[in-house]
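Containing TSV, N, CA and C atoms: query37.tsv.
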```tsv
chain	number	residue	atom	x	y	z
A	20	MET	N	-243.68	-12.83	36.12
A	20	MET	CA	-243.21	-13.60	37.25
A	20	MET	C	-242.22	-12.79	38.08
A	21	GLU	N	-241.18	-12.26	37.42
A	21	GLU	CA	-240.18	-11.50	38.16
A	21	GLU	C	-240.80	-10.26	38.81
A	22	HIS	N	-241.74	-9.65	38.09
A	22	HIS	CA	-242.39	-8.45	38.62
A	22	HIS	C	-243.12	-8.75	39.93
A	23	GLU	N	-243.87	-9.85	39.94
A	23	GLU	CA	-244.62	-10.20	41.15
A	23	GLU	C	-243.68	-10.48	42.32
A	24	GLN	N	-242.54	-11.10	42.04
A	24	GLN	CA	-241.58	-11.39	43.11
A	24	GLN	C	-240.91	-10.11	43.61
A	25	ARG	N	-240.63	-9.18	42.70
A	25	ARG	CA	-240.06	-7.89	43.12
A	25	ARG	C	-241.04	-7.13	44.01
A	26	VAL	N	-242.31	-7.16	43.62
A	26	VAL	CA	-243.34	-6.49	44.42
A	26	VAL	C	-243.40	-7.13	45.81
A	27	LEU	N	-243.33	-8.45	45.86
A	27	LEU	CA	-243.36	-9.16	47.14
A	27	LEU	C	-242.18	-8.76	48.02
A	28	SER	N	-241.01	-8.61	47.43
A	28	SER	CA	-239.82	-8.29	48.23
A	28	SER	C	-239.92	-6.90	48.86
A	29	ARG	N	-240.76	-6.05	48.31
A	29	ARG	CA	-240.91	-4.69	48.85
A	29	ARG	C	-241.98	-4.59	49.94
A	30	LYS	N	-242.74	-5.65	50.13
A	30	LYS	CA	-243.80	-5.63	51.15
A	30	LYS	C	-243.20	-5.90	52.53
A	31	GLU	N	-243.89	-5.42	53.54
A	31	GLU	CA	-243.46	-5.68	54.91
A	31	GLU	C	-243.76	-7.13	55.25
A	32	HIS	N	-242.73	-7.86	55.63
A	32	HIS	CA	-242.85	-9.29	55.88
A	32	HIS	C	-243.92	-9.57	56.93
A	33	GLY	N	-244.88	-10.43	56.60
A	33	GLY	CA	-245.92	-10.82	57.53
A	33	GLY	C	-247.19	-9.99	57.46
A	34	SER	N	-247.19	-8.91	56.69
A	34	SER	CA	-248.39	-8.06	56.61
A	34	SER	C	-249.44	-8.72	55.73
A	35	ASN	N	-250.66	-8.17	55.79
A	35	ASN	CA	-251.74	-8.69	54.95
A	35	ASN	C	-251.41	-8.52	53.47
A	36	ASN	N	-250.81	-7.38	53.11
A	36	ASN	CA	-250.42	-7.16	51.72
A	36	ASN	C	-249.36	-8.16	51.28
A	37	TYR	N	-248.45	-8.49	52.20
A	37	TYR	CA	-247.40	-9.47	51.91
A	37	TYR	C	-248.03	-10.84	51.62
A	38	ARG	N	-248.99	-11.24	52.45
A	38	ARG	CA	-249.64	-12.54	52.26
A	38	ARG	C	-250.41	-12.60	50.94
A	39	GLU	N	-251.08	-11.50	50.61
A	39	GLU	CA	-251.82	-11.44	49.35
A	39	GLU	C	-250.86	-11.53	48.16
A	40	GLN	N	-249.73	-10.84	48.26
A	40	GLN	CA	-248.74	-10.89	47.18
A	40	GLN	C	-248.13	-12.29	47.10
A	41	GLN	N	-247.94	-12.95	48.24
A	41	GLN	CA	-247.44	-14.33	48.24
A	41	GLN	C	-248.39	-15.23	47.44
A	42	ARG	N	-249.68	-15.03	47.62
A	42	ARG	CA	-250.67	-15.82	46.88
A	42	ARG	C	-250.56	-15.57	45.38
A	43	LYS	N	-250.33	-14.31	45.00
A	43	LYS	CA	-250.17	-13.98	43.59
A	43	LYS	C	-248.95	-14.68	43.00
A	44	VAL	N	-247.84	-14.65	43.74
A	44	VAL	CA	-246.62	-15.31	43.28
A	44	VAL	C	-246.85	-16.81	43.17
A	45	ALA	N	-247.53	-17.40	44.14
A	45	ALA	CA	-247.82	-18.83	44.12
A	45	ALA	C	-248.68	-19.20	42.93
A	46	ARG	N	-249.66	-18.35	42.59
A	46	ARG	CA	-250.50	-18.61	41.41
A	46	ARG	C	-249.67	-18.57	40.14
A	47	ARG	N	-248.75	-17.63	40.05
A	47	ARG	CA	-247.87	-17.55	38.87
A	47	ARG	C	-247.02	-18.81	38.76
A	48	HIS	N	-246.46	-19.26	39.89
A	48	HIS	CA	-245.67	-20.49	39.89
A	48	HIS	C	-246.52	-21.67	39.41
A	49	ALA	N	-247.73	-21.76	39.91
A	49	ALA	CA	-248.62	-22.86	39.53
A	49	ALA	C	-248.95	-22.81	38.04
A	50	ASP	N	-249.18	-21.60	37.51
A	50	ASP	CA	-249.46	-21.46	36.08
A	50	ASP	C	-248.30	-21.94	35.24
A	51	ILE	N	-247.09	-21.53	35.60
A	51	ILE	CA	-245.90	-21.94	34.85
A	51	ILE	C	-245.71	-23.45	34.94
A	52	LYS	N	-245.89	-24.02	36.14
A	52	LYS	CA	-245.75	-25.46	36.32
A	52	LYS	C	-246.76	-26.21	35.44
A	53	ARG	N	-247.99	-25.73	35.42
A	53	ARG	CA	-249.05	-26.36	34.63
A	53	ARG	C	-248.72	-26.28	33.13
A	54	LYS	N	-248.23	-25.13	32.67
A	54	LYS	CA	-247.89	-24.97	31.26
A	54	LYS	C	-246.73	-25.87	30.85
A	55	ARG	N	-245.72	-26.00	31.71
A	55	ARG	CA	-244.59	-26.87	31.40
A	55	ARG	C	-245.03	-28.33	31.33
A	56	ARG	N	-245.84	-28.75	32.30
A	56	ARG	CA	-246.34	-30.12	32.33
A	56	ARG	C	-247.18	-30.42	31.09
A	57	ASP	N	-248.03	-29.46	30.69
A	57	ASP	CA	-248.87	-29.63	29.51
A	57	ASP	C	-248.00	-29.76	28.25
A	58	PHE	N	-246.97	-28.91	28.14
A	58	PHE	CA	-246.09	-28.97	26.98
A	58	PHE	C	-245.40	-30.33	26.89
A	59	LEU	N	-244.86	-30.80	28.02
A	59	LEU	CA	-244.16	-32.08	28.02
A	59	LEU	C	-245.11	-33.23	27.69
A	60	HIS	N	-246.33	-33.14	28.17
A	60	HIS	CA	-247.32	-34.17	27.87
A	60	HIS	C	-247.63	-34.18	26.38
A	61	LYS	N	-247.83	-33.00	25.79
A	61	LYS	CA	-248.11	-32.91	24.37
A	61	LYS	C	-246.93	-33.40	23.54
A	62	LEU	N	-245.72	-33.08	23.96
A	62	LEU	CA	-244.52	-33.51	23.25
A	62	LEU	C	-244.37	-35.03	23.31
A	63	SER	N	-244.55	-35.62	24.50
A	63	SER	CA	-244.40	-37.07	24.62
A	63	SER	C	-245.50	-37.80	23.84
A	64	THR	N	-246.70	-37.22	23.81
A	64	THR	CA	-247.79	-37.81	23.02
A	64	THR	C	-247.45	-37.75	21.54
A	65	TRP	N	-246.89	-36.63	21.10
A	65	TRP	CA	-246.49	-36.50	19.70
A	65	TRP	C	-245.44	-37.54	19.33
A	66	TYR	N	-244.42	-37.71	20.21
A	66	TYR	CA	-243.40	-38.73	19.95
A	66	TYR	C	-244.02	-40.11	19.84
A	67	ALA	N	-244.93	-40.43	20.75
A	67	ALA	CA	-245.55	-41.76	20.77
A	67	ALA	C	-246.37	-42.00	19.51
A	68	GLU	N	-247.05	-40.97	19.03
A	68	GLU	CA	-247.88	-41.13	17.84
A	68	GLU	C	-247.07	-41.10	16.55
A	69	THR	N	-245.94	-40.39	16.54
A	69	THR	CA	-245.16	-40.20	15.31
A	69	THR	C	-244.19	-41.35	15.05
A	70	TYR	N	-243.56	-41.86	16.10
A	70	TYR	CA	-242.49	-42.84	15.92
A	70	TYR	C	-242.92	-44.21	16.43
A	71	ASP	N	-242.41	-45.25	15.76
A	71	ASP	CA	-242.70	-46.63	16.16
A	71	ASP	C	-241.88	-47.03	17.38
A	72	LEU	N	-240.67	-46.50	17.48
A	72	LEU	CA	-239.77	-46.89	18.56
A	72	LEU	C	-239.11	-45.66	19.14
A	73	VAL	N	-239.12	-45.57	20.45
A	73	VAL	CA	-238.41	-44.50	21.15
A	73	VAL	C	-237.44	-45.17	22.10
A	74	ALA	N	-236.14	-44.91	21.91
A	74	ALA	CA	-235.12	-45.54	22.74
A	74	ALA	C	-234.50	-44.50	23.67
A	75	VAL	N	-234.15	-44.93	24.86
A	75	VAL	CA	-233.52	-44.05	25.84
A	75	VAL	C	-232.16	-44.64	26.16
A	76	GLU	N	-231.14	-43.79	26.12
A	76	GLU	CA	-229.78	-44.25	26.37
A	76	GLU	C	-229.21	-43.47	27.54
A	77	LYS	N	-228.62	-44.17	28.48
A	77	LYS	CA	-228.00	-43.51	29.61
A	77	LYS	C	-226.53	-43.24	29.26
A	78	LEU	N	-226.18	-41.96	29.22
A	78	LEU	CA	-224.82	-41.58	28.84
A	78	LEU	C	-224.09	-41.03	30.06
A	79	ASP	N	-222.79	-41.28	30.09
A	79	ASP	CA	-221.93	-40.72	31.12
A	79	ASP	C	-221.32	-39.45	30.55
A	80	ALA	N	-222.04	-38.36	30.65
A	80	ALA	CA	-221.65	-37.10	30.01
A	80	ALA	C	-220.35	-36.55	30.59
A	81	LYS	N	-220.11	-36.76	31.86
A	81	LYS	CA	-218.91	-36.22	32.48
A	81	LYS	C	-217.65	-36.80	31.86
A	82	SER	N	-217.63	-38.11	31.68
A	82	SER	CA	-216.44	-38.72	31.08
A	82	SER	C	-216.33	-38.40	29.59
A	83	MET	N	-217.44	-38.11	28.94
A	83	MET	CA	-217.40	-37.74	27.53
A	83	MET	C	-216.79	-36.34	27.36
A	84	MET	N	-216.90	-35.50	28.38
A	84	MET	CA	-216.38	-34.14	28.31
A	84	MET	C	-214.88	-34.07	28.58
A	85	GLU	N	-214.33	-35.08	29.25
A	85	GLU	CA	-212.91	-35.07	29.58
A	85	GLU	C	-212.08	-35.39	28.35
A	86	LEU	N	-210.95	-34.68	28.21
A	86	LEU	CA	-210.03	-34.97	27.12
A	86	LEU	C	-209.15	-36.14	27.51
A	87	PRO	N	-208.83	-37.00	26.57
A	87	PRO	CA	-207.91	-38.11	26.89
A	87	PRO	C	-206.54	-37.57	27.28
A	88	SER	N	-205.80	-38.31	28.08
A	88	SER	CA	-204.49	-37.85	28.56
A	88	SER	C	-203.49	-37.75	27.43
A	89	ASN	N	-203.65	-38.51	26.37
A	89	ASN	CA	-202.71	-38.46	25.25
A	89	ASN	C	-203.26	-37.60	24.10
A	90	SER	N	-204.05	-36.62	24.44
A	90	SER	CA	-204.69	-35.77	23.43
A	90	SER	C	-203.65	-34.90	22.74
A	91	HIS	N	-203.82	-34.69	21.46
A	91	HIS	CA	-202.93	-33.84	20.68
A	91	HIS	C	-203.47	-32.43	20.59
A	92	ASN	N	-204.58	-32.16	21.29
A	92	ASN	CA	-205.24	-30.84	21.24
A	92	ASN	C	-204.83	-29.95	22.40
A	93	ARG	N	-203.62	-30.10	22.87
A	93	ARG	CA	-203.18	-29.29	24.02
A	93	ARG	C	-202.90	-27.87	23.58
A	94	ALA	N	-203.21	-26.95	24.46
A	94	ALA	CA	-203.01	-25.53	24.14
A	94	ALA	C	-201.63	-25.07	24.51
```

Would you mind writing the file out in structure tokens?
Amino acid sequence: MEHEQRVLSRKEHGSNNYREQQRKVARRHADIKRKRRDFLHKLSTWYAETYDLVAVEKLDAKSMMELPSNSHNRA
């Protein structure tokens, strides 16, 4: 992926070679997108088949990262 993008950056912008390299980069992006989607689909299918219940919890991660004002862990 990085190689194809480096090659693209060295082409003259707007040339036929540039457009062809753009297509190569786009194909690589599409391949990666397809592989990620396939992996997530397989993973979610595995969860659905393996477990009886799948729960989702919305957490406020930002407030969980903050130390309380009366913390004894001060440096």

Legend entry - Every residue of chain A that DSSP places in alpha helix (DSSP H), as a ChimeraX atom specification: /A:21-28,35-69,80-84

Inset, instruction - Can you work out the spacing between CA of Lys52 in chain A and atom N of Leu72 in chain A in Å, to one decimal? - result: 28.7 Å

Legend entry - Within 8 Å of Lys43 in chain A using only C-alpha atoms, minus same-chain residues under 4 positions, as JSON, numbers by chain: {"A": [23, 39, 47]}

Inset, instruction - Tell me which of A:Gln24, A:Ser63, A:Thr69, A:Ser82 sits closest to Val44 in chain A, counting only N, CA and C atoms. - result: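 Among the listed residues, A:Gln24 lies closest to Val44 in chain A.
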
Quick one: what's the axis-aligned box for range 35-47 of chain A, all listed atoms, 3 Å on every side, centre and edges in Å to one decimal, as AutoDock Vina command-line options?
```
--center_x -249.2 --center_y -13.2 --center_z 47.3 --size_x 11.2 --size_y 18.0 --size_z 23.0
```

Legend entry - atom N of Glu85 in chain A to atom N of Val73 in chain A, distance in Å rounded to a single decimal: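 Going from atom N of Glu85 in chain A over to atom N of Val73 in chain A covers 28.3 Å.
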
Legend entry - Distance in Å - atom C of Gln40 in chain A versus atom N of His22 in chain A: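 If I compute the distance from atom C of Gln40 in chain A to atom N of His22 in chain A, I get 11.4 Å.
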
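Minimum atom-to-atom distance to Gln41 in chain A, evaluated using all atoms listed in the file, belongs to A:Val26 out of A:Arg53, A:Leu78, A:Glu21, A:Val26.
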